[in-house]
file query-v4.cif (mmCIF, C-alpha atoms)
data_upload
loop_
_atom_site.label_atom_id
_atom_site.label_comp_id
_atom_site.auth_asym_id
_atom_site.auth_seq_id
_atom_site.Cartn_x
_atom_site.Cartn_y
_atom_site.Cartn_z
CA MET A 51 -12.88 14.50 30.04
CA GLY A 52 -11.76 14.10 33.62
CA PRO A 53 -9.23 15.54 36.04
CA ASP A 54 -5.69 15.95 34.78
CA MET A 55 -2.92 14.26 36.75
CA ASP A 56 0.81 14.76 37.03
CA PRO A 57 2.84 12.61 34.63
CA GLU A 58 5.68 10.23 35.34
CA TYR A 59 8.70 10.07 33.03
CA ALA A 60 10.89 7.41 31.44
CA ASP A 61 13.97 7.62 29.23
CA VAL A 62 13.38 5.45 26.17
CA GLY A 63 16.00 5.41 23.43
CA GLY A 64 17.10 8.93 24.29
CA ASN A 65 13.55 10.27 24.33
CA ARG A 66 11.98 11.61 27.52
CA ILE A 67 8.56 9.97 27.54
CA ALA A 68 5.80 11.27 29.79
CA TYR A 69 2.95 9.02 30.87
CA ARG A 70 0.15 8.86 33.40
CA ARG A 71 -0.46 5.64 35.33
CA VAL A 72 -3.26 4.53 37.65
CA GLY A 73 -4.73 1.29 38.98
CA HIS A 74 -3.54 -2.27 39.50
CA GLY A 75 -3.91 -5.38 37.38
CA PRO A 76 -3.20 -6.33 33.75
CA LEU A 77 -1.51 -3.51 31.84
CA ILE A 78 -3.51 -1.40 29.38
CA VAL A 79 -1.66 1.24 27.36
CA LEU A 80 -3.81 4.00 25.84
CA VAL A 81 -2.27 5.48 22.70
CA HIS A 82 -3.60 8.83 21.50
CA GLY A 83 -3.91 10.07 17.96
CA ALA A 84 -2.00 12.85 16.23
CA VAL A 85 -2.34 16.56 17.13
CA CYS A 86 -3.12 15.84 20.78
CA ASP A 87 -1.62 14.03 23.79
CA GLY A 88 -2.45 11.52 26.50
CA ARG A 89 -4.82 13.86 28.31
CA VAL A 90 -7.56 12.84 25.87
CA TRP A 91 -7.74 9.55 27.84
CA SER A 92 -8.32 11.24 31.23
CA ARG A 93 -11.75 9.69 31.70
CA GLN A 94 -10.63 6.17 30.71
CA LEU A 95 -7.66 6.38 33.06
CA LEU A 96 -10.15 6.60 35.91
CA THR A 97 -12.96 4.35 34.67
CA LEU A 98 -10.70 1.40 33.80
CA ALA A 99 -8.44 1.58 36.86
CA ASP A 100 -10.68 -0.64 38.99
CA LEU A 101 -9.45 -3.79 37.24
CA PHE A 102 -6.35 -2.74 35.31
CA THR A 103 -3.10 -0.83 35.45
CA VAL A 104 -3.90 1.90 32.94
CA VAL A 105 -1.16 3.95 31.27
CA ALA A 106 -1.68 6.84 28.83
CA TRP A 107 1.52 8.00 27.17
CA ASP A 108 2.44 11.28 25.52
CA ALA A 109 4.03 10.26 22.22
CA PRO A 110 7.42 11.83 21.44
CA GLY A 111 6.80 15.45 20.54
CA CYS A 112 3.42 15.57 22.30
CA GLY A 113 2.35 16.82 25.72
CA GLU A 114 5.15 16.56 28.26
CA SER A 115 7.39 14.28 26.16
CA SER A 116 10.50 15.60 24.44
CA ASP A 117 10.53 16.36 20.72
CA PRO A 118 11.83 13.62 18.41
CA PRO A 119 13.85 14.23 15.27
CA GLU A 120 11.52 15.17 12.45
CA SER A 121 12.81 12.06 10.67
CA PHE A 122 10.73 9.96 13.12
CA ARG A 123 8.29 7.69 11.33
CA LEU A 124 5.99 4.89 12.44
CA PRO A 125 8.82 2.38 13.14
CA GLU A 126 10.57 4.83 15.47
CA TYR A 127 7.34 5.65 17.29
CA ALA A 128 6.68 1.91 17.62
CA ASP A 129 10.12 1.29 19.08
CA ALA A 130 9.51 4.09 21.60
CA LEU A 131 6.15 2.66 22.66
CA ALA A 132 7.53 -0.89 22.94
CA GLY A 133 10.42 0.50 24.97
CA LEU A 134 8.04 2.22 27.36
CA ILE A 135 6.05 -1.00 27.82
CA ALA A 136 9.29 -2.81 28.63
CA THR A 137 10.27 -0.06 31.06
CA LEU A 138 6.96 -0.45 32.86
CA GLY A 139 7.81 -4.10 33.45
CA GLY A 140 4.43 -5.27 32.28
CA GLY A 141 5.61 -7.95 29.88
CA GLU A 142 2.67 -7.85 27.49
CA ALA A 143 0.20 -4.97 27.32
CA HIS A 144 -3.31 -4.59 26.00
CA VAL A 145 -2.78 -1.73 23.53
CA VAL A 146 -5.67 0.64 22.80
CA GLY A 147 -4.86 2.96 19.91
CA HIS A 148 -6.96 5.79 18.49
CA SER A 149 -6.49 7.02 14.90
CA PHE A 150 -2.71 7.49 14.49
CA GLY A 151 -2.42 5.44 17.69
CA GLY A 152 -4.22 2.56 15.99
CA ALA A 153 -1.74 2.51 13.12
CA LEU A 154 1.00 2.72 15.73
CA ALA A 155 -0.44 -0.29 17.58
CA LEU A 156 -0.36 -2.27 14.33
CA GLU A 157 3.29 -1.30 13.81
CA VAL A 158 4.18 -2.30 17.38
CA ALA A 159 2.54 -5.69 16.81
CA ARG A 160 4.56 -6.07 13.60
CA ARG A 161 7.92 -5.04 15.06
CA HIS A 162 7.53 -6.12 18.70
CA PRO A 163 4.88 -8.87 18.84
CA ASP A 164 6.16 -10.06 22.22
CA VAL A 165 4.87 -6.91 24.00
CA VAL A 166 1.29 -6.99 22.66
CA ALA A 167 -1.35 -9.10 24.44
CA SER A 168 -4.28 -7.66 22.48
CA MET A 169 -5.15 -4.62 20.38
CA THR A 170 -8.17 -2.35 20.35
CA LEU A 171 -8.11 -0.18 17.24
CA VAL A 172 -10.33 2.91 17.55
CA GLY A 173 -11.10 4.83 14.36
CA ALA A 174 -7.81 3.43 13.08
CA TYR A 175 -6.04 3.13 9.74
CA ALA A 176 -3.62 0.67 8.19
CA GLY A 177 -1.63 3.84 7.66
CA TRP A 178 -3.07 6.58 5.47
CA ALA A 179 -1.35 5.01 2.45
CA GLY A 180 -2.95 1.69 3.37
CA SER A 181 -6.48 3.01 3.89
CA LEU A 182 -7.06 6.17 1.84
CA THR A 183 -6.79 7.25 -1.79
CA SER A 184 -3.55 8.91 -2.82
CA ASP A 185 -5.39 12.21 -3.37
CA GLU A 186 -6.84 12.10 0.16
CA VAL A 187 -3.44 11.22 1.63
CA GLN A 188 -1.92 14.24 -0.10
CA ARG A 189 -4.74 16.52 1.09
CA ARG A 190 -4.30 15.44 4.70
CA LEU A 191 -0.52 15.66 4.55
CA SER A 192 -0.62 19.15 3.03
CA PHE A 193 -3.11 20.30 5.69
CA ALA A 194 -0.92 18.97 8.52
CA LEU A 195 2.26 20.50 7.14
CA ASP A 196 0.52 23.85 6.73
CA VAL A 197 -0.61 23.60 10.37
CA ALA A 198 2.97 22.86 11.45
CA ASP A 199 4.22 25.94 9.61
CA ARG A 200 1.76 28.09 11.61
CA LEU A 201 2.81 26.79 15.03
CA PRO A 202 2.94 27.89 17.76
CA GLY A 203 -0.40 29.63 17.52
CA GLY A 204 -2.16 30.24 14.26
CA PHE A 205 -3.98 26.88 14.31
CA ASP A 206 -7.70 26.60 15.00
CA PRO A 207 -8.30 22.94 15.96
CA THR A 208 -11.93 23.11 14.85
CA SER A 209 -10.69 23.72 11.29
CA MET A 210 -9.50 20.11 11.04
CA PRO A 211 -12.19 18.32 8.99
CA GLY A 212 -14.17 15.59 10.70
CA LEU A 213 -12.84 15.90 14.26
CA PHE A 214 -15.51 17.93 16.04
CA THR A 215 -19.07 16.68 15.67
CA PRO A 216 -22.41 17.64 17.25
CA ALA A 217 -22.24 14.38 19.23
CA MET A 218 -19.42 15.80 21.36
CA ASP A 219 -20.41 17.68 24.51
CA ARG A 220 -19.50 21.36 24.25
CA ALA A 221 -17.32 21.34 27.37
CA VAL A 222 -15.46 18.24 26.12
CA ALA A 223 -15.02 19.83 22.69
CA ASP A 224 -13.58 22.97 24.29
CA GLU A 225 -11.17 20.87 26.35
CA LEU A 226 -10.09 18.87 23.31
CA ALA A 227 -9.55 22.06 21.33
CA GLY A 228 -7.39 23.38 24.17
CA ILE A 229 -5.23 20.25 24.12
CA MET A 230 -4.92 20.34 20.34
CA SER A 231 -3.95 24.01 20.37
CA GLN A 232 -0.78 23.06 22.28
CA ILE A 233 0.67 20.78 19.58
CA ARG A 234 4.23 21.44 18.41
CA PRO A 235 5.79 21.53 14.92
CA ALA A 236 8.16 18.54 15.17
CA ALA A 237 5.55 15.94 16.06
CA THR A 238 2.92 17.49 13.77
CA ARG A 239 5.24 17.01 10.80
CA ALA A 240 6.62 13.63 11.90
CA MET A 241 3.22 12.07 12.62
CA ALA A 242 1.73 13.37 9.36
CA HIS A 243 4.60 11.98 7.29
CA ALA A 244 4.47 8.73 9.27
CA LEU A 245 0.78 8.21 8.49
CA ALA A 246 1.14 9.35 4.88
CA GLU A 247 3.98 6.89 4.22
CA ALA A 248 2.60 3.90 6.15
CA ASP A 249 0.88 1.01 4.37
CA LEU A 250 0.39 -1.81 6.88
CA ARG A 251 -1.95 -3.97 4.79
CA GLY A 252 0.75 -6.58 4.22
CA SER A 253 1.10 -7.34 7.94
CA LEU A 254 -2.59 -7.66 8.85
CA GLU A 255 -3.03 -11.36 8.15
CA ARG A 256 -0.01 -12.22 10.34
CA ILE A 257 -1.56 -10.69 13.48
CA ASP A 258 -2.05 -13.47 16.04
CA VAL A 259 -3.44 -11.59 19.07
CA PRO A 260 -7.10 -10.76 19.78
CA VAL A 261 -8.21 -7.56 18.05
CA LEU A 262 -11.23 -5.34 18.69
CA LEU A 263 -12.18 -2.72 16.10
CA LEU A 264 -14.21 0.15 17.60
CA TYR A 265 -15.64 2.67 15.14
CA GLY A 266 -18.39 5.27 14.91
CA ASP A 267 -20.79 5.09 12.00
CA ALA A 268 -20.56 8.88 11.62
CA ASP A 269 -16.74 8.93 11.46
CA LYS A 270 -15.64 10.98 8.45
CA ARG A 271 -11.92 10.71 9.24
CA SER A 272 -11.85 6.91 9.32
CA PRO A 273 -15.04 5.71 7.60
CA LEU A 274 -16.55 2.27 8.11
CA HIS A 275 -15.13 0.85 4.89
CA ILE A 276 -11.72 1.02 6.60
CA ALA A 277 -13.08 -0.89 9.59
CA GLU A 278 -14.59 -3.53 7.29
CA TYR A 279 -11.28 -3.97 5.48
CA LEU A 280 -9.43 -4.45 8.77
CA ARG A 281 -12.10 -6.87 10.03
CA THR A 282 -11.80 -8.94 6.86
CA HIS A 283 -8.00 -9.09 6.85
CA ILE A 284 -7.12 -9.41 10.56
CA PRO A 285 -7.74 -12.99 11.67
CA GLY A 286 -10.55 -13.20 14.22
CA ALA A 287 -11.00 -9.44 14.51
CA ARG A 288 -14.19 -8.30 16.24
CA LEU A 289 -15.95 -5.14 15.00
CA VAL A 290 -18.19 -2.98 17.20
CA VAL A 291 -19.84 0.08 15.60
CA LEU A 292 -21.25 2.84 17.80
CA SER A 293 -24.30 4.53 16.32
CA GLY A 294 -24.03 8.27 15.81
CA ALA A 295 -20.41 8.47 16.95
CA GLY A 296 -17.67 10.22 15.01
CA HIS A 297 -13.89 10.01 15.07
CA TYR A 298 -13.42 10.80 18.77
CA LEU A 299 -15.96 8.20 19.87
CA HIS A 300 -14.31 7.66 23.28
CA LEU A 301 -15.02 11.34 24.02
CA GLU A 302 -18.37 11.63 22.26
CA ASP A 303 -20.05 8.55 23.73
CA PRO A 304 -17.74 7.16 26.42
CA ALA A 305 -20.14 4.79 28.21
CA PRO A 306 -20.79 2.38 25.31
CA PHE A 307 -17.18 2.73 24.21
CA GLU A 308 -15.97 1.65 27.65
CA ALA A 309 -18.57 -1.12 27.87
CA ALA A 310 -17.38 -2.63 24.57
CA LEU A 311 -13.74 -2.30 25.62
CA ARG A 312 -14.40 -3.88 29.03
CA GLN A 313 -16.25 -6.80 27.46
CA PHE A 314 -13.38 -7.43 25.04
CA LEU A 315 -10.71 -7.18 27.75
CA SER A 316 -12.74 -9.46 30.00
CA ASP A 317 -12.86 -12.03 27.21
CA VAL A 318 -9.12 -11.90 26.49
CA ALA A 319 -7.58 -11.04 29.87
#
call {"tool": "encode", "arguments": {"input": "query-v4.cif", "output": "structure tokens"}}
result
Amino acid sequence: MGPDMDPEYADVGGNRIAYRRVGHGPLIVLVHGAVCDGRVWSRQLLTLADLFTVVAWDAPGCGESSDPPESFRLPEYADALAGLIATLGGGEAHVVGHSFGGALALEVARRHPDVVASMTLVGAYAGWAGSLTSDEVQRRLSFALDVADRLPGGFDPTSMPGLFTPAMDRAVADELAGIMSQIRPAATRAMAHALAEADLRGSLERIDVPVLLLYGDADKRSPLHIAEYLRTHIPGARLVVLSGAGHYLHLEDPAPFEAALRQFLSDVA
């Protein structure tokens, strides 16, 4: 993925939030998905730093950030992310959210529209409840809660359906599995419940910032019908589909991912 770097820390609403920051220019905040942390953006921290200030946070309960109460849901995560953006003094930020991080970006735009300059939603959902069947939501929630009960240890990241694909380089896959193996119970439960309970469809048509949807056509976690729904219901949303890429498209095929993101940011920044 890229070299790890030492995090900085901020106190946001009583949570100790870790983040990594590089570069100078307009602020981009990279928001990871569930069962991982900000280290999954190590490559993008470096490749985007020539033109931007790039920040990758560890969500509460992930990486070097402190654990939240298990009652945390998407609104609380959104308040924490908006608070970090305010702490960074960036005014508005271009928010790039992957998977859970995409749903979180949508919630930040709903609750704190003044801090969002644009959104890039990568393999994202309008919440699980807003994008998946009720049976699939229950399957994913049950899987995540079972994982949480087996932590620490006892969780094989490659057992999570649809995350590891042949398109991912073996060394990158091993590094991702190592990051995922360090997840903790509190955030695993909180993020799973947050996604399972969230239905953000009602807020999509009120979004008034530029939105890029970046998806892989081989993504089994967030299939293309979800991307098409978001494209149809978010005013002016732009959809880019990467051929052969799965759910972790920024790790599987980073060059076209970064090219599409750069083009979008160049257009809106």
call {"tool": "closest_residue", "arguments": {"input": "query-v4.cif", "among": "A:Ser192, A:Ser184, A:Asn65, A:Gln94", "to": "Leu80 in chain A", "atoms": "only C-alpha atoms"}}
result
A:Gln94
call {"tool": "atom_distance", "arguments": {"input": "query-v4.cif", "atom1": "CA of Ala109 in chain A", "atom2": "CA of Pro235 in chain A"}}
result
13.5 Å
call {"tool": "resolve_selection", "arguments": {"input": "query-v4.cif", "expression": "the PyMOL selection byres ((chain A and resi 171) around 7)", "output": "list in words"}}
result
Val146, Gly147, His148, Gly152, Met169, Thr170, Val172, Gly173, Ala174, Leu262, Leu263 and Leu264 of chain A
call {"tool": "atom_distance", "arguments": {"input": "query-v4.cif", "atom1": "CA of Ala198 in chain A", "atom2": "CA of Gly88 in chain A"}}
result
19.6 Å
call {"tool": "resolve_selection", "arguments": {"input": "query-v4.cif", "expression": "the PyMOL selection byres ((chain A and resi 137) around 12)", "output": "PyMOL selection string"}}
result
chain A and resi 59-63+67+69+130-136+138-143+165
call {"tool": "closest_residue", "arguments": {"input": "query-v4.cif", "among": "A:Ile284, A:Ala217, A:Leu156, A:Ala242", "to": "Arg123 in chain A", "atoms": "all atoms listed in the file"}}
result
A:Ala242
call {"tool": "residues_near_point", "arguments": {"input": "query-v4.cif", "point": "(4.8, 14.0, 9.7)", "cutoff": "8 Å", "atoms": "all atoms listed in the file", "output": "JSON, numbers by chain"}}
result
{"A": [120, 122, 123, 191, 194, 195, 236, 237, 238, 239, 240, 241, 242, 243, 244, 245, 246]}
call {"tool": "closest_residue", "arguments": {"input": "query-v4.cif", "among": "A:Pro163, A:Gly177, A:Gly73, A:Pro306", "to": "Ser293 in chain A", "atoms": "all atoms listed in the file"}}
result
A:Pro306
call {"tool": "resolve_selection", "arguments": {"input": "query-v4.cif", "expression": "the PyMOL selection byres ((chain A and resi 102) around 12)", "output": "PyMOL selection string"}}
result
chain A and resi 71-80+94-101+103-105+140+143-144+312+315-316+319
call {"tool": "closest_residue", "arguments": {"input": "query-v4.cif", "among": "A:Ala287, A:Ala295, A:Met55, A:Leu182", "to": "Glu255 in chain A", "atoms": "all atoms listed in the file"}}
result
A:Ala287
call {"tool": "closest_residue", "arguments": {"input": "query-v4.cif", "among": "A:Ile233, A:Leu213, A:Val261, A:Ala167", "to": "Leu299 in chain A", "atoms": "only C-alpha atoms"}}
result
A:Leu213
call {"tool": "atom_distance", "arguments": {"input": "query-v4.cif", "atom1": "CA of Leu280 in chain A", "atom2": "CA of Asp185 in chain A"}}
result
21.0 Å
call {"tool": "closest_residue", "arguments": {"input": "query-v4.cif", "among": "A:Val166, A:Val158, A:Val187, A:Leu201", "to": "Asp258 in chain A", "atoms": "all atoms listed in the file"}}
result
A:Val166
call {"tool": "residues_around", "arguments": {"input": "query-v4.cif", "residues": "Arg251 in chain A", "least_positions_apart": "4", "cutoff": "12 Å", "atoms": "only C-alpha atoms", "output": "ChimeraX atom specification"}}
result
/A:153,156-157,160,175-182,255-257,276,279-284
call {"tool": "build_atoms", "arguments": {"input": "query-v4.cif", "residues": "range 114-132 of chain A", "atoms": "N, CA, C and O atoms", "output": "PDB file, in the coordinates of the input"}}
result
ATOM      1  N   GLU A 114       3.958  16.328  27.443  1.00  0.00           N
ATOM      2  CA  GLU A 114       5.150  16.560  28.260  1.00  0.00           C
ATOM      3  C   GLU A 114       6.367  15.775  27.782  1.00  0.00           C
ATOM      4  O   GLU A 114       7.422  15.819  28.418  1.00  0.00           O
ATOM      5  N   SER A 115       6.250  15.036  26.694  1.00  0.00           N
ATOM      6  CA  SER A 115       7.390  14.280  26.160  1.00  0.00           C
ATOM      7  C   SER A 115       8.279  15.177  25.314  1.00  0.00           C
ATOM      8  O   SER A 115       7.829  16.178  24.748  1.00  0.00           O
ATOM      9  N   SER A 116       9.555  14.802  25.216  1.00  0.00           N
ATOM     10  CA  SER A 116      10.500  15.600  24.440  1.00  0.00           C
ATOM     11  C   SER A 116      10.252  15.424  22.948  1.00  0.00           C
ATOM     12  O   SER A 116       9.681  14.434  22.503  1.00  0.00           O
ATOM     13  N   ASP A 117      10.701  16.423  22.165  1.00  0.00           N
ATOM     14  CA  ASP A 117      10.530  16.360  20.720  1.00  0.00           C
ATOM     15  C   ASP A 117      11.466  15.318  20.108  1.00  0.00           C
ATOM     16  O   ASP A 117      12.647  15.241  20.479  1.00  0.00           O
ATOM     17  N   PRO A 118      10.965  14.545  19.142  1.00  0.00           N
ATOM     18  CA  PRO A 118      11.830  13.620  18.410  1.00  0.00           C
ATOM     19  C   PRO A 118      12.461  14.333  17.228  1.00  0.00           C
ATOM     20  O   PRO A 118      12.054  15.452  16.874  1.00  0.00           O
ATOM     21  N   PRO A 119      13.421  13.698  16.578  1.00  0.00           N
ATOM     22  CA  PRO A 119      13.850  14.230  15.270  1.00  0.00           C
ATOM     23  C   PRO A 119      12.668  14.212  14.315  1.00  0.00           C
ATOM     24  O   PRO A 119      11.796  13.345  14.404  1.00  0.00           O
ATOM     25  N   GLU A 120      12.626  15.159  13.402  1.00  0.00           N
ATOM     26  CA  GLU A 120      11.520  15.170  12.450  1.00  0.00           C
ATOM     27  C   GLU A 120      11.593  14.018  11.462  1.00  0.00           C
ATOM     28  O   GLU A 120      10.656  13.789  10.686  1.00  0.00           O
ATOM     29  N   SER A 121      12.688  13.261  11.492  1.00  0.00           N
ATOM     30  CA  SER A 121      12.810  12.060  10.670  1.00  0.00           C
ATOM     31  C   SER A 121      12.056  10.876  11.272  1.00  0.00           C
ATOM     32  O   SER A 121      11.957   9.818  10.639  1.00  0.00           O
ATOM     33  N   PHE A 122      11.519  11.030  12.493  1.00  0.00           N
ATOM     34  CA  PHE A 122      10.730   9.960  13.120  1.00  0.00           C
ATOM     35  C   PHE A 122       9.590   9.552  12.180  1.00  0.00           C
ATOM     36  O   PHE A 122       8.896  10.392  11.615  1.00  0.00           O
ATOM     37  N   ARG A 123       9.414   8.243  12.067  1.00  0.00           N
ATOM     38  CA  ARG A 123       8.290   7.690  11.330  1.00  0.00           C
ATOM     39  C   ARG A 123       7.661   6.593  12.182  1.00  0.00           C
ATOM     40  O   ARG A 123       8.039   6.391  13.321  1.00  0.00           O
ATOM     41  N   LEU A 124       6.712   5.865  11.646  1.00  0.00           N
ATOM     42  CA  LEU A 124       5.990   4.890  12.440  1.00  0.00           C
ATOM     43  C   LEU A 124       6.900   3.857  13.110  1.00  0.00           C
ATOM     44  O   LEU A 124       6.676   3.513  14.283  1.00  0.00           O
ATOM     45  N   PRO A 125       7.942   3.331  12.443  1.00  0.00           N
ATOM     46  CA  PRO A 125       8.820   2.380  13.140  1.00  0.00           C
ATOM     47  C   PRO A 125       9.476   2.971  14.381  1.00  0.00           C
ATOM     48  O   PRO A 125       9.587   2.287  15.411  1.00  0.00           O
ATOM     49  N   GLU A 126       9.919   4.214  14.312  1.00  0.00           N
ATOM     50  CA  GLU A 126      10.570   4.830  15.470  1.00  0.00           C
ATOM     51  C   GLU A 126       9.569   5.067  16.605  1.00  0.00           C
ATOM     52  O   GLU A 126       9.887   4.854  17.783  1.00  0.00           O
ATOM     53  N   TYR A 127       8.363   5.508  16.259  1.00  0.00           N
ATOM     54  CA  TYR A 127       7.340   5.650  17.290  1.00  0.00           C
ATOM     55  C   TYR A 127       7.015   4.292  17.918  1.00  0.00           C
ATOM     56  O   TYR A 127       6.804   4.178  19.133  1.00  0.00           O
ATOM     57  N   ALA A 128       6.973   3.245  17.097  1.00  0.00           N
ATOM     58  CA  ALA A 128       6.680   1.910  17.620  1.00  0.00           C
ATOM     59  C   ALA A 128       7.779   1.429  18.552  1.00  0.00           C
ATOM     60  O   ALA A 128       7.505   0.821  19.593  1.00  0.00           O
ATOM     61  N   ASP A 129       9.020   1.693  18.199  1.00  0.00           N
ATOM     62  CA  ASP A 129      10.120   1.290  19.080  1.00  0.00           C
ATOM     63  C   ASP A 129      10.037   2.038  20.406  1.00  0.00           C
ATOM     64  O   ASP A 129      10.321   1.463  21.472  1.00  0.00           O
ATOM     65  N   ALA A 130       9.639   3.312  20.365  1.00  0.00           N
ATOM     66  CA  ALA A 130       9.510   4.090  21.600  1.00  0.00           C
ATOM     67  C   ALA A 130       8.400   3.533  22.476  1.00  0.00           C
ATOM     68  O   ALA A 130       8.560   3.402  23.702  1.00  0.00           O
ATOM     69  N   LEU A 131       7.263   3.186  21.875  1.00  0.00           N
ATOM     70  CA  LEU A 131       6.150   2.660  22.660  1.00  0.00           C
ATOM     71  C   LEU A 131       6.499   1.287  23.234  1.00  0.00           C
ATOM     72  O   LEU A 131       6.225   1.011  24.406  1.00  0.00           O
ATOM     73  N   ALA A 132       7.112   0.419  22.435  1.00  0.00           N
ATOM     74  CA  ALA A 132       7.530  -0.890  22.940  1.00  0.00           C
ATOM     75  C   ALA A 132       8.552  -0.732  24.053  1.00  0.00           C
ATOM     76  O   ALA A 132       8.537  -1.475  25.048  1.00  0.00           O
TER      77      ALA A 132
END
